[in-house]
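Chemist: The structure file structure_34.txt (compact mmCIF, C-alpha atoms) is provided below.
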# COMPACT_ATOMS: atom_id res chain seq x y z
CA MET A 1 -63.44 -3.82 -46.42
CA ALA A 2 -66.32 -5.28 -44.47
CA ASP A 3 -68.70 -7.73 -46.09
CA ALA A 4 -71.61 -5.36 -45.38
CA GLU A 5 -70.16 -2.93 -47.90
CA LEU A 6 -70.02 -5.47 -50.71
CA LYS A 7 -72.22 -5.02 -53.75
CA ILE A 8 -74.13 -7.98 -55.14
CA PHE A 9 -72.55 -8.82 -58.49
CA ASP A 10 -74.92 -8.30 -61.42
CA TYR A 11 -73.42 -9.46 -64.71
CA ASP A 12 -75.62 -7.17 -66.76
CA LYS A 13 -74.46 -4.12 -64.83
CA ALA A 14 -70.74 -4.94 -64.84
CA GLU A 15 -68.77 -2.58 -67.07
CA ILE A 16 -65.56 -3.11 -68.98
CA GLY A 17 -62.90 -0.93 -67.39
CA GLU A 18 -64.68 -0.87 -64.06
CA GLU A 19 -62.22 -0.59 -61.20
CA LEU A 20 -62.19 -3.30 -58.58
CA GLY A 21 -60.56 -3.22 -55.20
CA SER A 22 -57.17 -1.69 -54.55
CA TYR A 23 -55.33 -3.03 -51.55
CA GLU A 24 -51.98 -3.57 -49.90
CA TYR A 25 -50.50 -6.42 -47.96
CA THR A 26 -47.09 -7.49 -46.77
CA LEU A 27 -45.66 -10.74 -48.08
CA THR A 28 -44.56 -12.89 -45.16
CA GLN A 29 -42.16 -15.79 -44.99
CA GLU A 30 -45.06 -17.93 -43.82
CA MET A 31 -47.02 -17.13 -46.98
CA LEU A 32 -44.03 -17.99 -49.16
CA ASP A 33 -43.37 -21.23 -47.26
CA ALA A 34 -47.02 -22.32 -47.45
CA PHE A 35 -47.17 -21.55 -51.15
CA ARG A 36 -44.00 -23.48 -51.91
CA SER A 37 -45.19 -26.40 -49.85
CA SER A 38 -48.60 -26.45 -51.55
CA VAL A 39 -47.09 -26.70 -55.02
CA ASP A 40 -44.15 -28.86 -53.95
CA ASP A 41 -41.64 -26.43 -55.42
CA PRO A 42 -39.06 -25.06 -52.97
CA GLU A 43 -37.84 -22.59 -55.58
CA ALA A 44 -41.21 -21.12 -56.57
CA GLN A 45 -40.80 -17.35 -56.68
CA PHE A 46 -44.33 -16.04 -57.12
CA PRO A 47 -46.48 -16.77 -54.06
CA THR A 48 -48.59 -13.92 -55.37
CA LEU A 49 -50.30 -16.58 -57.50
CA GLY A 50 -51.72 -18.07 -54.32
CA VAL A 51 -53.00 -14.69 -53.19
CA LYS A 52 -55.01 -14.50 -56.44
CA HIS A 53 -54.63 -10.77 -56.83
CA ASP A 54 -57.40 -10.31 -59.35
CA ALA A 55 -59.97 -12.52 -57.65
CA THR A 56 -59.16 -10.86 -54.33
CA ALA A 57 -59.71 -7.44 -55.87
CA PHE A 58 -63.07 -8.63 -57.18
CA ALA A 59 -64.04 -10.11 -53.80
CA MET A 60 -63.22 -6.83 -52.07
CA VAL A 61 -65.93 -5.12 -54.09
CA TYR A 62 -68.50 -7.77 -54.93
CA ASP A 63 -70.44 -10.53 -53.29
CA ASP A 64 -71.16 -13.07 -56.03
CA PRO A 65 -73.76 -15.54 -54.76
CA ILE A 66 -73.85 -17.47 -58.04
CA GLY A 67 -70.10 -17.94 -58.02
CA THR A 68 -67.65 -18.48 -60.80
CA VAL A 69 -65.35 -20.97 -62.45
CA ASN A 70 -61.90 -20.07 -63.62
CA ALA A 71 -61.82 -20.82 -67.34
CA GLY A 72 -58.29 -19.58 -67.87
CA ASN A 73 -55.44 -17.47 -66.58
CA GLU A 74 -52.86 -15.23 -68.17
CA VAL A 75 -49.94 -14.09 -66.10
CA GLU A 76 -46.93 -11.92 -66.85
CA PHE A 77 -43.95 -12.11 -64.53
CA PHE A 78 -41.72 -9.06 -64.12
CA ASN A 79 -39.96 -9.33 -60.76
CA PRO A 80 -40.31 -11.84 -57.91
CA PRO A 81 -41.85 -10.36 -54.76
CA ILE A 82 -39.61 -9.99 -51.72
CA VAL A 83 -40.57 -11.21 -48.26
CA GLY A 84 -41.22 -8.31 -45.89
CA LYS A 85 -42.07 -5.86 -48.66
CA LYS A 86 -45.49 -4.29 -48.99
CA ILE A 87 -47.33 -5.20 -52.18
CA SER A 88 -49.92 -2.90 -53.76
CA VAL A 89 -52.56 -4.35 -56.05
CA LYS A 90 -55.05 -2.68 -58.38
CA GLY A 91 -57.79 -4.64 -60.10
CA ARG A 92 -60.31 -3.97 -62.84
CA ILE A 93 -62.78 -5.67 -65.14
CA ALA A 94 -60.85 -5.90 -68.39
CA ASP A 95 -63.49 -7.53 -70.57
CA LYS A 96 -66.96 -8.97 -70.61
CA TYR A 97 -68.50 -11.18 -73.30
CA LEU A 98 -70.83 -14.03 -74.12
CA ARG A 99 -69.42 -17.20 -75.61
CA ARG A 100 -71.79 -19.97 -76.61
CA ASP A 101 -74.43 -18.07 -74.66
CA LYS A 102 -72.38 -18.28 -71.49
CA PRO A 103 -71.40 -15.09 -69.63
CA TYR A 104 -67.73 -14.38 -69.03
CA ILE A 105 -65.82 -11.55 -67.50
CA VAL A 106 -62.07 -11.02 -67.53
CA ILE A 107 -60.66 -9.56 -64.36
CA GLU A 108 -57.08 -8.40 -64.11
CA ALA A 109 -54.76 -7.10 -61.44
CA THR A 110 -51.38 -5.43 -61.46
CA ALA A 111 -49.03 -5.70 -58.49
CA ILE A 112 -46.10 -3.49 -57.54
CA ASP A 113 -44.04 -3.49 -54.37
CA GLU A 114 -43.23 -0.63 -52.03
CA ASP A 115 -40.11 0.19 -54.06
CA GLY A 116 -42.16 0.60 -57.21
CA ARG A 117 -41.01 -2.67 -58.78
CA LEU A 118 -43.60 -4.13 -61.12
CA LEU A 119 -44.12 -7.72 -59.96
CA GLU A 120 -46.89 -9.39 -61.88
CA LYS A 121 -49.95 -8.87 -64.06
CA LEU A 122 -52.62 -11.51 -63.70
CA SER A 123 -55.83 -11.99 -65.64
CA THR A 124 -58.58 -14.51 -65.07
CA TYR A 125 -61.32 -15.55 -67.47
CA GLN A 126 -64.28 -16.18 -65.23
CA LEU A 127 -67.34 -18.10 -66.34
CA LYS A 128 -70.22 -16.60 -64.40
CA LYS A 129 -72.46 -19.61 -64.77
CA PRO A 130 -70.55 -22.33 -62.94
CA ASP A 131 -73.40 -24.85 -62.89
CA GLU A 132 -73.04 -25.15 -66.67
CA LEU A 133 -69.54 -26.54 -66.26
CA GLY A 134 -70.67 -28.85 -63.49
CA LYS A 135 -73.23 -30.34 -65.90
CA LYS A 136 -70.56 -30.73 -68.56
CA TRP A 137 -68.15 -32.45 -66.20
CA HIS A 138 -70.80 -34.69 -64.68
CA PRO A 139 -73.70 -35.13 -67.12
CA GLU A 140 -75.10 -37.91 -64.94
CA GLN A 141 -75.92 -35.28 -62.34
CA LYS A 142 -78.85 -32.96 -62.70
CA MET B 1 -30.24 -24.44 -65.38
CA ALA B 2 -28.46 -21.53 -67.00
CA SER B 3 -30.33 -19.25 -69.35
CA ARG B 4 -30.45 -20.61 -72.88
CA ALA B 5 -28.67 -18.77 -75.66
CA GLU B 6 -30.09 -20.97 -78.40
CA ILE B 7 -33.38 -22.77 -78.31
CA LYS B 8 -34.69 -24.80 -81.22
CA PRO B 9 -38.30 -25.38 -82.31
CA GLY B 10 -39.59 -28.69 -81.03
CA GLU B 11 -37.22 -28.76 -78.08
CA THR B 12 -39.09 -30.13 -75.08
CA ILE B 13 -39.32 -28.47 -71.70
CA PRO B 14 -38.69 -30.43 -68.48
CA SER B 15 -41.72 -32.45 -67.49
CA VAL B 16 -43.19 -31.66 -64.08
CA THR B 17 -45.48 -34.09 -62.25
CA LYS B 18 -47.46 -33.13 -59.16
CA ALA B 19 -49.70 -35.13 -56.87
CA ILE B 20 -52.78 -33.16 -55.87
CA THR B 21 -53.99 -33.75 -52.34
CA GLU B 22 -56.66 -32.23 -50.13
CA LYS B 23 -53.81 -30.81 -48.06
CA SER B 24 -52.11 -29.18 -51.03
CA ILE B 25 -55.37 -27.65 -52.25
CA LEU B 26 -56.14 -26.20 -48.83
CA GLU B 27 -52.57 -25.04 -48.28
CA PHE B 28 -52.62 -23.21 -51.61
CA GLU B 29 -55.85 -21.50 -50.59
CA SER B 30 -54.34 -20.60 -47.21
CA THR B 31 -51.78 -18.32 -48.87
CA GLY B 32 -54.53 -15.88 -49.78
CA ILE B 33 -55.32 -12.82 -47.69
CA LEU B 34 -59.13 -12.93 -47.54
CA ASN B 35 -59.78 -16.22 -45.78
CA ARG B 36 -63.07 -16.71 -47.64
CA GLU B 37 -64.84 -19.94 -48.36
CA ASN B 38 -64.91 -20.95 -52.02
CA ILE B 39 -65.21 -23.96 -54.33
CA HIS B 40 -61.60 -24.86 -53.51
CA ASN B 41 -61.92 -25.15 -49.76
CA ASN B 42 -65.61 -25.79 -49.09
CA PRO B 43 -67.16 -29.00 -50.51
CA GLU B 44 -70.70 -27.82 -49.78
CA LEU B 45 -70.12 -24.67 -51.78
CA ALA B 46 -68.59 -26.68 -54.63
CA ALA B 47 -71.63 -28.97 -54.59
CA LYS B 48 -74.03 -26.04 -54.60
CA ARG B 49 -72.34 -24.09 -57.35
CA LEU B 50 -70.93 -26.87 -59.53
CA GLY B 51 -72.78 -29.98 -58.54
CA THR B 52 -69.52 -31.73 -57.77
CA THR B 53 -68.87 -34.08 -54.87
CA TYR B 54 -65.38 -32.67 -54.41
CA THR B 55 -63.55 -29.39 -54.15
CA LEU B 56 -61.50 -28.19 -57.11
CA ALA B 57 -57.83 -27.37 -57.13
CA SER B 58 -57.34 -23.76 -58.12
CA GLY B 59 -56.39 -23.30 -61.75
CA ARG B 60 -53.55 -21.18 -60.47
CA MET B 61 -51.95 -24.35 -59.13
CA SER B 62 -51.63 -25.55 -62.72
CA ILE B 63 -50.26 -22.13 -63.66
CA THR B 64 -47.62 -22.64 -60.97
CA PHE B 65 -46.76 -26.14 -62.20
CA ALA B 66 -46.35 -24.84 -65.74
CA SER B 67 -44.26 -21.99 -64.37
CA GLU B 68 -41.91 -24.46 -62.70
CA SER B 69 -41.44 -26.33 -65.96
CA LEU B 70 -40.71 -23.11 -67.84
CA ARG B 71 -38.39 -21.83 -65.10
CA ARG B 72 -36.37 -25.03 -65.27
CA PHE B 73 -36.18 -24.71 -69.05
CA PHE B 74 -35.31 -21.03 -69.39
CA GLY B 75 -33.51 -20.57 -66.08
CA ALA B 76 -34.80 -18.58 -63.12
CA GLU B 77 -33.29 -15.26 -64.17
CA VAL B 78 -35.00 -15.31 -67.56
CA PHE B 79 -38.26 -16.76 -66.29
CA ASN B 80 -38.67 -14.47 -63.28
CA HIS B 81 -38.30 -11.29 -65.30
CA THR B 82 -39.65 -12.01 -68.78
CA ALA B 83 -42.02 -14.97 -68.71
CA THR B 84 -45.71 -15.25 -69.43
CA VAL B 85 -47.99 -18.23 -68.84
CA ASN B 86 -51.40 -18.52 -70.46
CA LEU B 87 -53.53 -21.57 -69.71
CA LYS B 88 -57.08 -22.52 -70.63
CA PHE B 89 -58.62 -24.98 -68.18
CA LEU B 90 -60.42 -27.91 -69.74
CA ARG B 91 -61.24 -30.30 -66.91
CA PRO B 92 -61.45 -30.11 -63.14
CA VAL B 93 -58.42 -31.04 -61.04
CA LYS B 94 -59.12 -32.55 -57.64
CA ALA B 95 -57.50 -34.35 -54.76
CA GLY B 96 -56.15 -37.72 -55.84
CA ASP B 97 -55.19 -36.47 -59.29
CA THR B 98 -51.66 -36.44 -60.59
CA ILE B 99 -50.95 -33.64 -63.04
CA THR B 100 -48.10 -33.77 -65.51
CA VAL B 101 -46.94 -30.70 -67.40
CA THR B 102 -45.23 -31.21 -70.75
CA GLY B 103 -44.46 -28.94 -73.64
CA ALA B 104 -42.23 -28.00 -76.52
CA VAL B 105 -40.90 -24.89 -78.18
CA SER B 106 -43.29 -23.78 -80.89
CA GLY B 107 -41.52 -20.75 -82.27
CA SER B 108 -39.60 -17.57 -81.69
CA GLU B 109 -39.58 -13.97 -82.80
CA GLN B 110 -37.16 -11.10 -82.52
CA THR B 111 -38.20 -8.21 -80.31
CA ASP B 112 -36.54 -5.00 -79.20
CA VAL B 113 -35.36 -6.67 -76.00
CA GLY B 114 -34.32 -10.07 -77.33
CA THR B 115 -35.74 -13.27 -78.77
CA LYS B 116 -39.21 -14.12 -77.55
CA VAL B 117 -39.54 -17.89 -77.40
CA SER B 118 -42.99 -19.51 -77.36
CA VAL B 119 -43.71 -22.89 -75.79
CA ASP B 120 -46.83 -25.00 -76.15
CA ILE B 121 -47.89 -26.27 -72.72
CA PHE B 122 -50.06 -29.26 -71.84
CA CYS B 123 -51.36 -30.44 -68.47
CA ASP B 124 -52.66 -34.01 -68.29
CA ASN B 125 -54.03 -36.06 -65.44
CA GLN B 126 -53.24 -39.65 -64.46
CA ASP B 127 -55.89 -40.95 -66.85
CA GLY B 128 -54.33 -39.19 -69.80
CA ASN B 129 -57.06 -36.59 -69.93
CA ARG B 130 -55.99 -33.06 -70.75
CA THR B 131 -56.82 -30.67 -67.94
CA ALA B 132 -55.28 -27.52 -69.38
CA VAL B 133 -53.59 -26.28 -72.51
CA GLY B 134 -51.79 -23.08 -73.26
CA ILE B 135 -48.70 -21.14 -74.18
CA GLY B 136 -45.73 -19.84 -72.28
CA THR B 137 -43.18 -17.31 -73.43
CA ALA B 138 -39.89 -15.87 -72.28
CA VAL B 139 -37.34 -13.52 -73.77
CA ILE B 140 -33.75 -14.63 -74.15
CA LYS B 141 -30.82 -12.46 -75.18
Show me, as structure tokens, the structure contained in the file I just sent.
Modeler:
Amino acid sequence: MADAELKIFDYDKAEIGEELGSYEYTLTQEMLDAFRSSVDDPEAQFPTLGVKHDATAFAMVYDDPIGTVNAGNEVEFFNPPIVGKKISVKGRIADKYLRRDKPYIVIEATAIDEDGRLLEKLSTYQLKKPDELGKKWHPEQK
Amino acid sequence: MASRAEIKPGETIPSVTKAITEKSILEFESTGILNRENIHNNPELAAKRLGTTYTLASGRMSITFASESLRRFFGAEVFNHTATVNLKFLRPVKAGDTITVTGAVSGSEQTDVGTKVSVDIFCDNQDGNRTAVGIGTAVIK
């Protein structure tokens, strides 16, 4: 999807259950090798974590100029992806709420491979006011 | 490690320690399919959005570290097909940090498909500050 087609993300207009991008890609040996190298784990089986299925689905629909900070992740593992297989991902906005006056959304994505094997479900709790965390981490900065 | 038939409350999981570098952060980002700039690979963007002088390691790197610890504890066959990892991120992780994952079994419950074992998970940096906390689970027969 081209950037020109992206919608500007508006927290107030985001809806729980809203579908995000659906997409396919083929897992390559290079992706697996780079992932394993980056986390220094030669036996890591889920390079899909590096692809960030849910955030990618969001980014295929929305341009978010304010940005976000990942406040938490939940992941369920079902089957390791196989190099050379096509992976299909569907994303959605699973929840939206205010906590301590800060806006959050929960995005989630489900991935299956071309043989219909369920691979992984990933959810991310996104704080849609990242400067608030920056102030918390570094109160000396304005 | 073979899959565990009996796991007791309080039993500790293998500790995993990882050095975070600029290279590892960028390499992790490179496995994505969008090739977009973000707070993990663009210091200017991190400064603009967070006010930090550094890029952040993706929280999913900590998820992966915790996953390694759980995989070594439960065995790959159990982990790869039944595990969950749930982490809440408390502090930023950046290049130069060393993250250590520890944890212990907190409980278990019988399910239709086996015994679901829960593990408390902690991620701490080299200064002893907690960067993430959460729970992992897996189902053993």
Chemist: For chain B, which residues have at least one atom within 6 Å of chain A, if we go by all atoms listed in the file? Write them as a list in words, please.
Modeler: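 So the residues of chain B near chain A are Ser24, Glu27, Phe28, Thr31, Gly32, Arg49, Leu50, Gly51, Asn80, His81, Thr82, Ala83, Thr84, Val85, Asn86, Leu87, Lys88 and Phe89 of chain B.
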Chemist: Just checking: using all atoms listed in the file, which residue out of B:Glu22, B:Glu77, B:Glu44, B:Glu11 ends up closest to Ala138 (chain B)?
Modeler: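 For Ala138 (chain B), the nearest of the given residues is B:Glu77.
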Chemist: Mind giving me the straight-line distance from CA of Val78 (chain B) to CA of Thr12 (chain B) in Å, one decimal?
Modeler: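 Going from CA of Val78 (chain B) over to CA of Thr12 (chain B), I get 17.1 Å.
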Chemist: Here is a test: counting only C-alpha atoms, which residue of B:Arg60, B:Lys94, B:Lys48, B:Arg130 is nearest to Lys23 (chain B)?
Modeler: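 Looking only at the distances to Lys23 (chain B), the closest residue turns out to be B:Lys94.
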Chemist: Would you mind reading off the distance between CA of Asp63 (chain A) and CA of Ala47 (chain B), one decimal, in Å?
Modeler: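 Taking CA of Asp63 (chain A) and CA of Ala47 (chain B), their separation equals 18.5 Å.
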Chemist: Could you please determine the separation between CA of Ser22 (chain A) and CA of Gly91 (chain A) in Å, to one decimal place?
Modeler: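 Taking CA of Ser22 (chain A) as the start and CA of Gly91 (chain A) as the end point, the length is 6.3 Å.
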Chemist: Edge lengths and centre in Å to one decimal, as AutoDock Vina command-line options, is what I'm after for the box along x, y and z that holds all listed atoms of region 69-84 of chain B once 6 Å is added on each side.
Modeler:
--center_x -39.5 --center_y -18.8 --center_z -66.3 --size_x 24.4 --size_y 27.0 --size_z 18.3
Chemist: Write out as a tab-separated table (two decimals) with C-alpha atoms, keeping the file's coordinate frame each polymer residue whose atoms come within 6 Å of Val119 (chain B), counting all atoms listed in the file; drop sequence neighbours fewer than 2 positions from it.
Modeler:
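See part37.tsv below for the written result:
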chain	number	residue	atom	x	y	z
B	104	ALA	CA	-42.23	-28.00	-76.52
B	105	VAL	CA	-40.90	-24.89	-78.18
B	106	SER	CA	-43.29	-23.78	-80.89
B	135	ILE	CA	-48.70	-21.14	-74.18
B	136	GLY	CA	-45.73	-19.84	-72.28
Chemist: From the set A:Leu127, A:Ile93, A:Val61, A:Ile82, which residue has the shortest atom-to-atom contact distance to Tyr23 (chain A), counting only C-alpha atoms?
Modeler: A:Val61
Chemist: Would you kindly return, as a ChimeraX atom specification, each protein, DNA or RNA residue with an atom no farther than 7 Å from any atom of Ala66 (chain B), considering only C-alpha atoms and excluding same-chain residues fewer than 4 positions away?
Modeler: /B:62,70,101
Chemist: Please write as a VMD selection string the list of polymer residues whose atoms come within 9 Å of (-60.3, -6.9, -69.3), counting only C-alpha atoms and keeping to the coordinates of the file.
Modeler: chain A and resid 16 to 17 92 to 96 105 to 108 123 to 125
Chemist: Would you mind writing region 31-45 of chain A with N, CA and C atoms, as a short mmCIF file (atom, residue, chain, number, x, y, z; two decimals), in the frame of the given file?
Modeler:
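Written file, rebuild-v3.cif:
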data_model
loop_
_atom_site.label_atom_id
_atom_site.label_comp_id
_atom_site.auth_asym_id
_atom_site.auth_seq_id
_atom_site.Cartn_x
_atom_site.Cartn_y
_atom_site.Cartn_z
N MET A 31 -46.26 -17.03 -45.73
CA MET A 31 -47.02 -17.13 -46.98
C MET A 31 -46.18 -17.81 -48.05
N LEU A 32 -44.92 -17.40 -48.15
CA LEU A 32 -44.03 -17.99 -49.16
C LEU A 32 -43.82 -19.48 -48.88
N ASP A 33 -43.60 -19.82 -47.62
CA ASP A 33 -43.37 -21.23 -47.26
C ASP A 33 -44.60 -22.08 -47.57
N ALA A 34 -45.79 -21.56 -47.22
CA ALA A 34 -47.02 -22.32 -47.45
C ALA A 34 -47.26 -22.50 -48.94
N PHE A 35 -46.98 -21.45 -49.70
CA PHE A 35 -47.17 -21.55 -51.15
C PHE A 35 -46.24 -22.60 -51.74
N ARG A 36 -44.97 -22.52 -51.36
CA ARG A 36 -44.00 -23.48 -51.91
C ARG A 36 -44.35 -24.91 -51.52
N SER A 37 -44.80 -25.07 -50.30
CA SER A 37 -45.19 -26.40 -49.85
C SER A 37 -46.40 -26.90 -50.64
N SER A 38 -47.36 -26.02 -50.88
CA SER A 38 -48.60 -26.45 -51.55
C SER A 38 -48.36 -26.89 -52.98
N VAL A 39 -47.36 -26.33 -53.62
CA VAL A 39 -47.09 -26.70 -55.02
C VAL A 39 -45.82 -27.55 -55.14
N ASP A 40 -45.30 -27.96 -53.98
CA ASP A 40 -44.15 -28.86 -53.95
C ASP A 40 -43.00 -28.34 -54.82
N ASP A 41 -42.72 -27.06 -54.65
CA ASP A 41 -41.64 -26.43 -55.42
C ASP A 41 -40.89 -25.46 -54.51
N PRO A 42 -39.79 -25.91 -53.92
CA PRO A 42 -39.06 -25.06 -52.97
C PRO A 42 -38.43 -23.82 -53.59
N GLU A 43 -38.43 -23.75 -54.93
CA GLU A 43 -37.84 -22.59 -55.58
C GLU A 43 -38.89 -21.67 -56.21
N ALA A 44 -40.16 -21.95 -55.99
CA ALA A 44 -41.21 -21.12 -56.57
C ALA A 44 -41.05 -19.68 -56.07
N GLN A 45 -41.12 -18.75 -57.01
CA GLN A 45 -40.80 -17.35 -56.68
C GLN A 45 -42.01 -16.43 -56.64
#
